[in-house]
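To be precise, the following lines are entry.pdb, and they hold PDB, C-alpha atoms.
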```pdb
ATOM      1  CA  MET M  18     -52.367   5.042   8.040
ATOM      2  CA  LYS M  19     -51.574   6.601  11.414
ATOM      3  CA  ARG M  20     -53.756   5.188  14.175
ATOM      4  CA  LYS M  21     -55.684   7.812  16.085
ATOM      5  CA  MET M  22     -54.651   8.236  19.708
ATOM      6  CA  ASP M  23     -57.104   8.342  22.583
ATOM      7  CA  PRO M  24     -57.187  12.112  23.352
ATOM      8  CA  ALA M  25     -57.235  11.457  27.104
ATOM      9  CA  LEU M  26     -54.199   9.195  26.849
ATOM     10  CA  GLU M  27     -52.338  11.673  24.648
ATOM     11  CA  LYS M  28     -53.015  14.481  27.108
ATOM     12  CA  HIS M  29     -51.746  12.284  29.940
ATOM     13  CA  LEU M  30     -48.588  11.353  28.043
ATOM     14  CA  LYS M  31     -47.823  15.026  27.437
ATOM     15  CA  LYS M  32     -48.026  15.588  31.190
ATOM     16  CA  CYS M  33     -45.872  12.507  31.832
ATOM     17  CA  GLN M  34     -43.241  13.760  29.416
ATOM     18  CA  LYS M  35     -43.135  17.191  31.075
ATOM     19  CA  VAL M  36     -42.700  15.646  34.523
ATOM     20  CA  ALA M  37     -40.101  13.153  33.284
ATOM     21  CA  LEU M  38     -38.100  15.965  31.693
ATOM     22  CA  GLU M  39     -38.129  17.865  34.978
ATOM     23  CA  ALA M  40     -36.985  14.756  36.845
ATOM     24  CA  ALA M  41     -34.223  13.999  34.333
ATOM     25  CA  LEU M  42     -32.863  17.540  34.471
ATOM     26  CA  LYS M  43     -32.832  17.500  38.284
ATOM     27  CA  ALA M  44     -31.037  14.145  38.364
ATOM     28  CA  GLY M  45     -28.658  15.285  35.626
ATOM     29  CA  LYS M  46     -27.679  18.344  37.630
ATOM     30  CA  PHE M  47     -26.901  16.065  40.576
ATOM     31  CA  LEU M  48     -24.821  13.708  38.392
ATOM     32  CA  LYS M  49     -22.849  16.621  37.005
ATOM     33  CA  SER M  50     -22.034  17.738  40.552
ATOM     34  CA  LYS M  51     -20.713  14.229  41.272
ATOM     35  CA  TYR M  52     -18.758  13.814  38.035
ATOM     36  CA  GLY M  53     -15.125  13.279  38.974
ATOM     37  CA  LYS M  54     -16.007  13.641  42.665
ATOM     38  CA  PHE M  55     -17.798  10.413  43.607
ATOM     39  CA  LYS M  56     -16.509   8.644  46.720
ATOM     40  CA  ASN M  57     -18.027   5.156  46.809
ATOM     41  CA  LEU M  58     -17.632   2.557  44.075
ATOM     42  CA  ASP M  59     -19.252  -0.864  44.411
ATOM     43  CA  ARG M  60     -19.723  -3.850  42.120
ATOM     44  CA  LYS M  61     -23.152  -5.456  41.775
ATOM     45  CA  ALA M  62     -23.879  -9.163  41.393
ATOM     46  CA  ASP M  63     -23.888  -8.867  37.590
ATOM     47  CA  ARG M  64     -20.398  -7.260  37.755
ATOM     48  CA  SER M  65     -21.705  -3.833  36.742
ATOM     49  CA  LEU M  66     -20.578  -0.795  38.724
ATOM     50  CA  VAL M  67     -22.636   1.429  41.021
ATOM     51  CA  THR M  68     -21.797   4.637  42.899
ATOM     52  CA  GLU M  69     -23.569   6.972  45.278
ATOM     53  CA  ALA M  70     -24.296   9.060  42.184
ATOM     54  CA  ASP M  71     -26.457   6.252  40.729
ATOM     55  CA  ARG M  72     -28.391   5.863  43.970
ATOM     56  CA  GLY M  73     -28.757   9.599  44.579
ATOM     57  CA  ALA M  74     -29.993  10.301  41.055
ATOM     58  CA  GLU M  75     -32.554   7.512  41.342
ATOM     59  CA  LYS M  76     -33.924   8.961  44.585
ATOM     60  CA  ILE M  77     -34.341  12.328  42.885
ATOM     61  CA  VAL M  78     -36.259  10.842  39.963
ATOM     62  CA  VAL M  79     -38.456   8.614  42.130
ATOM     63  CA  LYS M  80     -39.352  11.453  44.476
ATOM     64  CA  HIS M  81     -40.317  13.736  41.594
ATOM     65  CA  LEU M  82     -42.403  11.088  39.809
ATOM     66  CA  ARG M  83     -44.251  10.054  42.975
ATOM     67  CA  LYS M  84     -45.145  13.668  43.638
ATOM     68  CA  TYR M  85     -47.210  13.790  40.435
ATOM     69  CA  PHE M  86     -48.096  10.114  39.873
ATOM     70  CA  PRO M  87     -48.426   8.462  43.310
ATOM     71  CA  HIS M  88     -50.572   5.652  41.900
ATOM     72  CA  ASP M  89     -47.986   4.492  39.318
ATOM     73  CA  GLU M  90     -45.465   1.722  39.842
ATOM     74  CA  ILE M  91     -41.804   2.665  39.470
ATOM     75  CA  MET M  92     -39.027   0.196  38.609
ATOM     76  CA  GLY M  93     -35.619   1.578  39.545
ATOM     77  CA  GLU M  94     -32.316   0.161  38.342
ATOM     78  CA  GLU M  95     -30.829   0.400  41.836
ATOM     79  CA  SER M  96     -33.795   0.095  44.229
ATOM     80  CA  GLY M  97     -36.185  -2.247  42.438
ATOM     81  CA  LEU M  98     -39.948  -1.867  42.394
ATOM     82  CA  PHE M  99     -41.862   0.931  44.085
ATOM     83  CA  THR M 100     -45.601   0.214  44.173
ATOM     84  CA  GLY M 101     -48.213   2.959  44.131
ATOM     85  CA  SER M 102     -49.650   4.134  47.439
ATOM     86  CA  LYS M 103     -52.842   2.291  48.447
ATOM     87  CA  GLN M 104     -54.699   5.547  49.050
ATOM     88  CA  ALA M 105     -53.811   6.890  45.609
ATOM     89  CA  ILE M 106     -54.670   3.592  43.904
ATOM     90  CA  ALA M 107     -58.070   3.431  45.592
ATOM     91  CA  ARG M 108     -58.828   7.017  44.636
ATOM     92  CA  ASP M 109     -57.707   6.420  41.070
ATOM     93  CA  LEU M 110     -59.759   3.234  40.647
ATOM     94  CA  SER M 111     -62.878   5.075  41.771
ATOM     95  CA  SER M 112     -62.514   7.559  38.912
ATOM     96  CA  PRO M 113     -64.433   6.827  35.665
ATOM     97  CA  LYS M 114     -61.667   8.610  33.768
ATOM     98  CA  ARG M 115     -58.981   6.063  34.731
ATOM     99  CA  LEU M 116     -56.794   5.383  31.691
ATOM    100  CA  GLY M 117     -55.081   2.176  32.795
ATOM    101  CA  SER M 118     -51.955   1.090  34.637
ATOM    102  CA  PHE M 119     -48.568   2.716  34.178
ATOM    103  CA  ARG M 120     -45.092   1.655  35.247
ATOM    104  CA  TRP M 121     -42.035   3.895  35.088
ATOM    105  CA  HIS M 122     -38.600   2.428  34.336
ATOM    106  CA  ILE M 123     -35.541   4.330  35.538
ATOM    107  CA  ASP M 124     -31.846   3.952  34.844
ATOM    108  CA  PRO M 125     -30.578   6.939  36.839
ATOM    109  CA  LEU M 126     -27.048   6.690  35.449
ATOM    110  CA  ASP M 127     -26.842   4.784  32.196
ATOM    111  CA  GLY M 128     -23.124   4.548  31.524
ATOM    112  CA  THR M 129     -21.734   4.207  35.048
ATOM    113  CA  THR M 130     -18.445   2.812  33.752
ATOM    114  CA  ASN M 131     -18.010   5.901  31.578
ATOM    115  CA  PHE M 132     -18.904   8.095  34.561
ATOM    116  CA  VAL M 133     -16.351   6.344  36.775
ATOM    117  CA  HIS M 134     -13.560   6.644  34.192
ATOM    118  CA  GLY M 135     -14.242  10.273  33.345
ATOM    119  CA  PHE M 136     -15.660   9.635  29.881
ATOM    120  CA  PRO M 137     -18.526  12.168  29.493
ATOM    121  CA  MET M 138     -20.972   9.804  27.751
ATOM    122  CA  PHE M 139     -23.663   8.930  30.286
ATOM    123  CA  CYS M 140     -27.280   9.842  30.836
ATOM    124  CA  VAL M 141     -30.429   9.718  32.918
ATOM    125  CA  SER M 142     -32.901   7.360  31.254
ATOM    126  CA  ILE M 143     -36.642   7.344  32.039
ATOM    127  CA  GLY M 144     -39.280   5.264  30.253
ATOM    128  CA  LEU M 145     -43.021   4.760  30.736
ATOM    129  CA  GLU M 146     -44.872   1.486  30.164
ATOM    130  CA  PHE M 147     -48.641   1.267  29.630
ATOM    131  CA  GLU M 148     -50.718  -1.730  30.727
ATOM    132  CA  ASN M 149     -47.567  -3.860  31.166
ATOM    133  CA  THR M 150     -47.304  -4.286  27.404
ATOM    134  CA  GLU M 151     -46.300  -1.103  25.597
ATOM    135  CA  LEU M 152     -43.606   1.547  26.015
ATOM    136  CA  VAL M 153     -45.313   4.880  25.365
ATOM    137  CA  MET M 154     -42.895   7.612  26.501
ATOM    138  CA  GLY M 155     -39.191   8.094  27.026
ATOM    139  CA  VAL M 156     -36.645  10.716  28.093
ATOM    140  CA  ILE M 157     -32.843  10.574  27.786
ATOM    141  CA  HIS M 158     -30.702  13.376  29.246
ATOM    142  CA  ASN M 159     -26.943  13.787  28.994
ATOM    143  CA  PRO M 160     -26.013  16.463  31.565
ATOM    144  CA  ILE M 161     -22.467  17.007  30.298
ATOM    145  CA  TYR M 162     -23.376  17.789  26.699
ATOM    146  CA  LYS M 163     -26.758  19.220  27.728
ATOM    147  CA  ASP M 164     -28.450  16.935  25.221
ATOM    148  CA  THR M 165     -32.018  15.835  25.930
ATOM    149  CA  PHE M 166     -33.963  13.410  23.747
ATOM    150  CA  TYR M 167     -37.644  12.675  24.361
ATOM    151  CA  ALA M 168     -40.712  11.219  22.717
ATOM    152  CA  TYR M 169     -44.178   9.917  23.468
ATOM    153  CA  LYS M 170     -46.388   7.674  21.361
ATOM    154  CA  GLY M 171     -48.023   9.670  18.590
ATOM    155  CA  GLY M 172     -46.100  12.837  19.438
ATOM    156  CA  GLY M 173     -42.878  12.393  17.500
ATOM    157  CA  ALA M 174     -39.335  12.539  18.847
ATOM    158  CA  LYS M 175     -37.325  15.634  19.716
ATOM    159  CA  ARG M 176     -33.820  16.631  20.697
ATOM    160  CA  ASN M 177     -33.563  19.829  22.724
ATOM    161  CA  GLY M 178     -36.945  20.984  21.475
ATOM    162  CA  LYS M 179     -36.360  20.275  17.770
ATOM    163  CA  PRO M 180     -37.933  17.334  15.875
ATOM    164  CA  ILE M 181     -35.635  14.451  14.950
ATOM    165  CA  TYR M 182     -36.153  11.618  12.484
ATOM    166  CA  VAL M 183     -34.745   8.210  11.668
ATOM    167  CA  SER M 184     -32.074   7.993   8.995
ATOM    168  CA  LYS M 185     -33.177   7.875   5.353
ATOM    169  CA  ASN M 186     -30.311   5.524   4.597
ATOM    170  CA  HIS M 187     -31.633   2.091   3.597
ATOM    171  CA  ASN M 188     -28.253   0.424   2.970
ATOM    172  CA  VAL M 189     -26.262  -1.079   5.827
ATOM    173  CA  GLN M 190     -23.025  -0.731   3.868
ATOM    174  CA  ASP M 191     -23.490   3.060   3.844
ATOM    175  CA  ALA M 192     -24.489   3.341   7.501
ATOM    176  CA  MET M 193     -22.614   4.078  10.701
ATOM    177  CA  LEU M 194     -24.118   1.972  13.481
ATOM    178  CA  THR M 195     -23.950   1.927  17.255
ATOM    179  CA  THR M 196     -24.270  -0.948  19.704
ATOM    180  CA  GLY M 197     -23.571  -2.102  23.241
ATOM    181  CA  PHE M 198     -22.534  -5.237  25.109
ATOM    182  CA  SER M 199     -24.074  -6.969  28.096
ATOM    183  CA  TYR M 200     -22.379  -7.132  31.485
ATOM    184  CA  ARG M 201     -23.317 -10.839  31.558
ATOM    185  CA  ARG M 202     -20.245 -11.893  29.644
ATOM    186  CA  ASP M 203     -20.613 -15.593  30.382
ATOM    187  CA  ALA M 204     -24.123 -15.730  28.923
ATOM    188  CA  PHE M 205     -24.016 -13.371  25.958
ATOM    189  CA  TYR M 206     -20.493 -12.316  24.986
ATOM    190  CA  GLU M 207     -19.747 -14.969  22.366
ATOM    191  CA  ARG M 208     -23.054 -14.411  20.595
ATOM    192  CA  GLU M 209     -22.703 -10.625  20.805
ATOM    193  CA  LEU M 210     -19.155 -10.695  19.460
ATOM    194  CA  GLN M 211     -20.231 -12.883  16.543
ATOM    195  CA  SER M 212     -23.013 -10.437  15.672
ATOM    196  CA  PHE M 213     -20.652  -7.482  16.085
ATOM    197  CA  SER M 214     -18.074  -9.053  13.781
ATOM    198  CA  ARG M 215     -20.657  -9.808  11.094
ATOM    199  CA  VAL M 216     -22.230  -6.332  11.136
ATOM    200  CA  LEU M 217     -18.821  -4.636  11.286
ATOM    201  CA  ARG M 218     -17.909  -6.247   7.967
ATOM    202  CA  GLU M 219     -21.156  -5.139   6.331
ATOM    203  CA  SER M 220     -21.431  -1.555   7.594
ATOM    204  CA  ARG M 221     -19.426   1.607   6.999
ATOM    205  CA  ALA M 222     -18.501   1.824  10.695
ATOM    206  CA  ILE M 223     -19.752   0.795  14.102
ATOM    207  CA  ARG M 224     -19.391   2.569  17.448
ATOM    208  CA  ARG M 225     -19.787   1.460  21.034
ATOM    209  CA  VAL M 226     -20.006   4.362  23.484
ATOM    210  CA  GLY M 227     -21.233   2.501  26.573
ATOM    211  CA  SER M 228     -24.483   4.424  27.073
ATOM    212  CA  ALA M 229     -27.861   4.512  25.370
TER     213      ALA M 229
END
```

How does this structure look as structure tokens?
Amino acid sequence: MKRKMDPALEKHLKKCQKVALEAALKAGKFLKSKYGKFKNLDRKADRSLVTEADRGAEKIVVKHLRKYFPHDEIMGEESGLFTGSKQAIARDLSSPKRLGSFRWHIDPLDGTTNFVHGFPMFCVSIGLEFENTELVMGVIHNPIYKDTFYAYKGGGAKRNGKPIYVSKNHNVQDAMLTTGFSYRRDAFYERELQSFSRVLRESRAIRRVGSA
């Protein structure tokens, strides 16, 4: 049986999704303008790549989210944690309609390696966490293919405005799967490769595109 959603929370999540979509489209437009034209390429401590496109897209998303949700925390892939403003938090805590705490998670350019090498499979990824325990909303936008996926808890998932559903295939041997690998090769590669090899033998096919 489907659990009934708190109407106030559902209304808030609808607003969050609308704002996140706006932010993702703005950041995606910026990424598209930088595609094939970025100037600075750096390597982070975990060996993953970062460009001015990553940092610029994150600033766009953070600025847009803080405009509408100044009390929320924001965790950015490139800049770390942004806490809510003290004034907004105090005002929010004084309201009897307060829903709880929210934290946004942003990967402004998921698939930087693809972006750097001119492979058009990358996206802006925005997620929303409720009460530090539950992911309740998400938006994924690929600016090159103009594909946007989004969902919030209780509201179903959509792609470009049309509902989408999980596969009805229950057999791994008849399924095409997708996966990814960690940048922390020393810690995870052997285990990941073992899993990949096992699943590859059992499935119809497996793909690794380098972006969620």

task = Determine the residue membership of the PyMOL selection byres ((chain M and resi 136) around 12) for the file above and supply it as a list in words.
result = Tyr52, Gly53, Gly128, Thr129, Thr130, Asn131, Phe132, Val133, His134, Gly135, Pro137, Met138, Phe139, Cys140, Ile161, Tyr162, Val226, Gly227 and Ser228 of chain M

task = Within 8 Å of range 65-77 of chain M, counting all atoms listed in the file, which residues show up once you throw out same-chain ones fewer than 4 positions away? Write them as a list in words, please.
result = Ala40, Lys43, Ala44, Gly45, Phe47, Leu48, Lys51, Phe55, Lys56, Asn57, Leu58, Asp59, Arg60, Lys61, His81, Gly93, Glu94, Glu95, Ser96, Ile123, Asp124, Pro125, Leu126, Thr129, Thr130 and Tyr200 of chain M

Pull C-alpha atoms from the residues just selected and write them as a PDB file, in the coordinates of the input.
```pdb
ATOM      1  CA  ALA M  40     -36.985  14.756  36.845  1.00  0.00           C
ATOM      2  CA  LYS M  43     -32.832  17.500  38.284  1.00  0.00           C
ATOM      3  CA  ALA M  44     -31.037  14.145  38.364  1.00  0.00           C
ATOM      4  CA  GLY M  45     -28.658  15.285  35.626  1.00  0.00           C
ATOM      5  CA  PHE M  47     -26.901  16.065  40.576  1.00  0.00           C
ATOM      6  CA  LEU M  48     -24.821  13.708  38.392  1.00  0.00           C
ATOM      7  CA  LYS M  51     -20.713  14.229  41.272  1.00  0.00           C
ATOM      8  CA  PHE M  55     -17.798  10.413  43.607  1.00  0.00           C
ATOM      9  CA  LYS M  56     -16.509   8.644  46.720  1.00  0.00           C
ATOM     10  CA  ASN M  57     -18.027   5.156  46.809  1.00  0.00           C
ATOM     11  CA  LEU M  58     -17.632   2.557  44.075  1.00  0.00           C
ATOM     12  CA  ASP M  59     -19.252  -0.864  44.411  1.00  0.00           C
ATOM     13  CA  ARG M  60     -19.723  -3.850  42.120  1.00  0.00           C
ATOM     14  CA  LYS M  61     -23.152  -5.456  41.775  1.00  0.00           C
ATOM     15  CA  HIS M  81     -40.317  13.736  41.594  1.00  0.00           C
ATOM     16  CA  GLY M  93     -35.619   1.578  39.545  1.00  0.00           C
ATOM     17  CA  GLU M  94     -32.316   0.161  38.342  1.00  0.00           C
ATOM     18  CA  GLU M  95     -30.829   0.400  41.836  1.00  0.00           C
ATOM     19  CA  SER M  96     -33.795   0.095  44.229  1.00  0.00           C
ATOM     20  CA  ILE M 123     -35.541   4.330  35.538  1.00  0.00           C
ATOM     21  CA  ASP M 124     -31.846   3.952  34.844  1.00  0.00           C
ATOM     22  CA  PRO M 125     -30.578   6.939  36.839  1.00  0.00           C
ATOM     23  CA  LEU M 126     -27.048   6.690  35.449  1.00  0.00           C
ATOM     24  CA  THR M 129     -21.734   4.207  35.048  1.00  0.00           C
ATOM     25  CA  THR M 130     -18.445   2.812  33.752  1.00  0.00           C
ATOM     26  CA  TYR M 200     -22.379  -7.132  31.485  1.00  0.00           C
TER      27      TYR M 200
END
```

Using the chain letters and numbers from the file, give me the residues hit by the PyMOL selection byres ((chain M and resi 170) around 10), as a tab-separated table (two decimals) with C-alpha atoms, in the frame of the given file.
```
chain	number	residue	atom	x	y	z
M	22	MET	CA	-54.65	8.24	19.71
M	26	LEU	CA	-54.20	9.20	26.85
M	27	GLU	CA	-52.34	11.67	24.65
M	30	LEU	CA	-48.59	11.35	28.04
M	31	LYS	CA	-47.82	15.03	27.44
M	151	GLU	CA	-46.30	-1.10	25.60
M	152	LEU	CA	-43.61	1.55	26.02
M	153	VAL	CA	-45.31	4.88	25.36
M	154	MET	CA	-42.90	7.61	26.50
M	155	GLY	CA	-39.19	8.09	27.03
M	168	ALA	CA	-40.71	11.22	22.72
M	169	TYR	CA	-44.18	9.92	23.47
M	171	GLY	CA	-48.02	9.67	18.59
M	172	GLY	CA	-46.10	12.84	19.44
M	173	GLY	CA	-42.88	12.39	17.50
M	174	ALA	CA	-39.34	12.54	18.85
```

Give, as lines of an AutoDock Vina configuration file, the centre coordinates and the x, y and z edge lengths in Å to one decimal for an axis-aligned box around all listed atoms of range 138-142 of chain M, padded by 8 Å on each side.
```
center_x = -26.9
center_y = 8.6
center_z = 30.3
size_x = 27.9
size_y = 18.5
size_z = 21.2
```

inquiry  = Evaluate the PyMOL selection byres ((chain M and resi 89) around 10) against this structure - the residues, as a PyMOL selection string, please.
reply    = chain M and resi 82-83+85-88+90-92+99-102+105-106+117-121+145

ask   = Val156 in chain M: which residues within 7 Å, counting all atoms listed in the file, same-chain residues fewer than 5 positions away excluded, as a ChimeraX atom specification?
value = /M:37-38,142-144,166-168

query = Using all atoms listed in the file, which residues sit within 12 Å of Arg208 in chain M once same-chain residues fewer than 6 positions away are excluded, as a PyMOL selection string?
reply = chain M and resi 198-199+201-202+214-215

How would the residues just picked look written out with C-alpha atoms as a PDB file, in the coordinates of the input?
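Result written to result29.pdb:
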```pdb
ATOM      1  CA  PHE M 198     -22.534  -5.237  25.109  1.00  0.00           C
ATOM      2  CA  SER M 199     -24.074  -6.969  28.096  1.00  0.00           C
ATOM      3  CA  ARG M 201     -23.317 -10.839  31.558  1.00  0.00           C
ATOM      4  CA  ARG M 202     -20.245 -11.893  29.644  1.00  0.00           C
ATOM      5  CA  SER M 214     -18.074  -9.053  13.781  1.00  0.00           C
ATOM      6  CA  ARG M 215     -20.657  -9.808  11.094  1.00  0.00           C
TER       7      ARG M 215
END
```

Residue completion, range 80-105 of chain M, N, CA, C and O atoms, as a JSON list (two decimals), in the frame of the given file:
```json
[["chain", "number", "residue", "atom", "x", "y", "z"],
["M", 80, "LYS", "N", -38.64, 10.45, 43.67],
["M", 80, "LYS", "CA", -39.35, 11.45, 44.48],
["M", 80, "LYS", "C", -40.18, 12.38, 43.59],
["M", 80, "LYS", "O", -41.34, 12.69, 43.90],
["M", 81, "HIS", "N", -39.61, 12.81, 42.48],
["M", 81, "HIS", "CA", -40.32, 13.74, 41.59],
["M", 81, "HIS", "C", -41.50, 13.05, 40.92],
["M", 81, "HIS", "O", -42.60, 13.63, 40.82],
["M", 82, "LEU", "N", -41.31, 11.81, 40.47],
["M", 82, "LEU", "CA", -42.40, 11.09, 39.81],
["M", 82, "LEU", "C", -43.55, 10.79, 40.78],
["M", 82, "LEU", "O", -44.73, 10.92, 40.43],
["M", 83, "ARG", "N", -43.21, 10.41, 42.00],
["M", 83, "ARG", "CA", -44.25, 10.05, 42.98],
["M", 83, "ARG", "C", -45.05, 11.28, 43.41],
["M", 83, "ARG", "O", -46.21, 11.16, 43.81],
["M", 84, "LYS", "N", -44.44, 12.44, 43.30],
["M", 84, "LYS", "CA", -45.14, 13.67, 43.64],
["M", 84, "LYS", "C", -46.34, 13.88, 42.70],
["M", 84, "LYS", "O", -47.41, 14.33, 43.13],
["M", 85, "TYR", "N", -46.16, 13.55, 41.43],
["M", 85, "TYR", "CA", -47.21, 13.79, 40.44],
["M", 85, "TYR", "C", -48.03, 12.54, 40.09],
["M", 85, "TYR", "O", -49.18, 12.65, 39.67],
["M", 86, "PHE", "N", -47.42, 11.36, 40.24],
["M", 86, "PHE", "CA", -48.10, 10.11, 39.87],
["M", 86, "PHE", "C", -47.97, 9.08, 41.00],
["M", 86, "PHE", "O", -47.31, 8.05, 40.84],
["M", 87, "PRO", "N", -48.58, 9.35, 42.15],
["M", 87, "PRO", "CA", -48.43, 8.46, 43.31],
["M", 87, "PRO", "C", -49.03, 7.08, 43.11],
["M", 87, "PRO", "O", -48.69, 6.14, 43.84],
["M", 88, "HIS", "N", -49.92, 6.94, 42.14],
["M", 88, "HIS", "CA", -50.57, 5.65, 41.90],
["M", 88, "HIS", "C", -49.74, 4.74, 40.99],
["M", 88, "HIS", "O", -50.00, 3.54, 40.92],
["M", 89, "ASP", "N", -48.77, 5.28, 40.28],
["M", 89, "ASP", "CA", -47.99, 4.49, 39.32],
["M", 89, "ASP", "C", -46.92, 3.65, 40.01],
["M", 89, "ASP", "O", -46.38, 4.03, 41.05],
["M", 90, "GLU", "N", -46.61, 2.51, 39.41],
["M", 90, "GLU", "CA", -45.46, 1.72, 39.84],
["M", 90, "GLU", "C", -44.20, 2.33, 39.24],
["M", 90, "GLU", "O", -44.24, 2.93, 38.15],
["M", 91, "ILE", "N", -43.09, 2.17, 39.95],
["M", 91, "ILE", "CA", -41.80, 2.66, 39.47],
["M", 91, "ILE", "C", -40.76, 1.56, 39.64],
["M", 91, "ILE", "O", -40.58, 1.03, 40.74],
["M", 92, "MET", "N", -40.10, 1.19, 38.55],
["M", 92, "MET", "CA", -39.03, 0.20, 38.61],
["M", 92, "MET", "C", -37.69, 0.92, 38.47],
["M", 92, "MET", "O", -37.39, 1.49, 37.41],
["M", 93, "GLY", "N", -36.91, 0.90, 39.55],
["M", 93, "GLY", "CA", -35.62, 1.58, 39.54],
["M", 93, "GLY", "C", -34.48, 0.60, 39.34],
["M", 93, "GLY", "O", -34.51, -0.51, 39.88],
["M", 94, "GLU", "N", -33.48, 1.00, 38.59],
["M", 94, "GLU", "CA", -32.32, 0.16, 38.34],
["M", 94, "GLU", "C", -31.63, -0.24, 39.64],
["M", 94, "GLU", "O", -31.18, -1.38, 39.78],
["M", 95, "GLU", "N", -31.57, 0.67, 40.60],
["M", 95, "GLU", "CA", -30.83, 0.40, 41.84],
["M", 95, "GLU", "C", -31.71, -0.09, 42.98],
["M", 95, "GLU", "O", -31.27, -0.87, 43.81],
["M", 96, "SER", "N", -32.95, 0.38, 43.06],
["M", 96, "SER", "CA", -33.80, 0.10, 44.23],
["M", 96, "SER", "C", -34.91, -0.90, 43.97],
["M", 96, "SER", "O", -35.62, -1.30, 44.89],
["M", 97, "GLY", "N", -35.12, -1.30, 42.73],
["M", 97, "GLY", "CA", -36.18, -2.25, 42.44],
["M", 97, "GLY", "C", -37.54, -1.57, 42.30],
["M", 97, "GLY", "O", -37.64, -0.40, 41.94],
["M", 98, "LEU", "N", -38.58, -2.31, 42.65],
["M", 98, "LEU", "CA", -39.95, -1.87, 42.39],
["M", 98, "LEU", "C", -40.53, -1.04, 43.53],
["M", 98, "LEU", "O", -40.49, -1.43, 44.69],
["M", 99, "PHE", "N", -41.08, 0.11, 43.17],
["M", 99, "PHE", "CA", -41.86, 0.93, 44.08],
["M", 99, "PHE", "C", -43.32, 0.81, 43.65],
["M", 99, "PHE", "O", -43.65, 1.16, 42.50],
["M", 100, "THR", "N", -44.19, 0.32, 44.52],
["M", 100, "THR", "CA", -45.60, 0.21, 44.17],
["M", 100, "THR", "C", -46.30, 1.52, 44.50],
["M", 100, "THR", "O", -45.84, 2.31, 45.33],
["M", 101, "GLY", "N", -47.45, 1.75, 43.86],
["M", 101, "GLY", "CA", -48.21, 2.96, 44.13],
["M", 101, "GLY", "C", -48.81, 2.92, 45.52],
["M", 101, "GLY", "O", -49.07, 1.85, 46.08],
["M", 102, "SER", "N", -49.06, 4.08, 46.11],
["M", 102, "SER", "CA", -49.65, 4.13, 47.44],
["M", 102, "SER", "C", -51.08, 3.62, 47.39],
["M", 102, "SER", "O", -51.81, 3.84, 46.43],
["M", 103, "LYS", "N", -51.50, 2.89, 48.42],
["M", 103, "LYS", "CA", -52.84, 2.29, 48.45],
["M", 103, "LYS", "C", -53.93, 3.36, 48.38],
["M", 103, "LYS", "O", -54.95, 3.18, 47.75],
["M", 104, "GLN", "N", -53.70, 4.48, 49.06],
["M", 104, "GLN", "CA", -54.70, 5.55, 49.05],
["M", 104, "GLN", "C", -54.87, 6.11, 47.64],
["M", 104, "GLN", "O", -55.97, 6.32, 47.17],
["M", 105, "ALA", "N", -53.75, 6.33, 46.95],
["M", 105, "ALA", "CA", -53.81, 6.89, 45.61],
["M", 105, "ALA", "C", -54.44, 5.90, 44.63],
["M", 105, "ALA", "O", -55.22, 6.28, 43.76]]
```
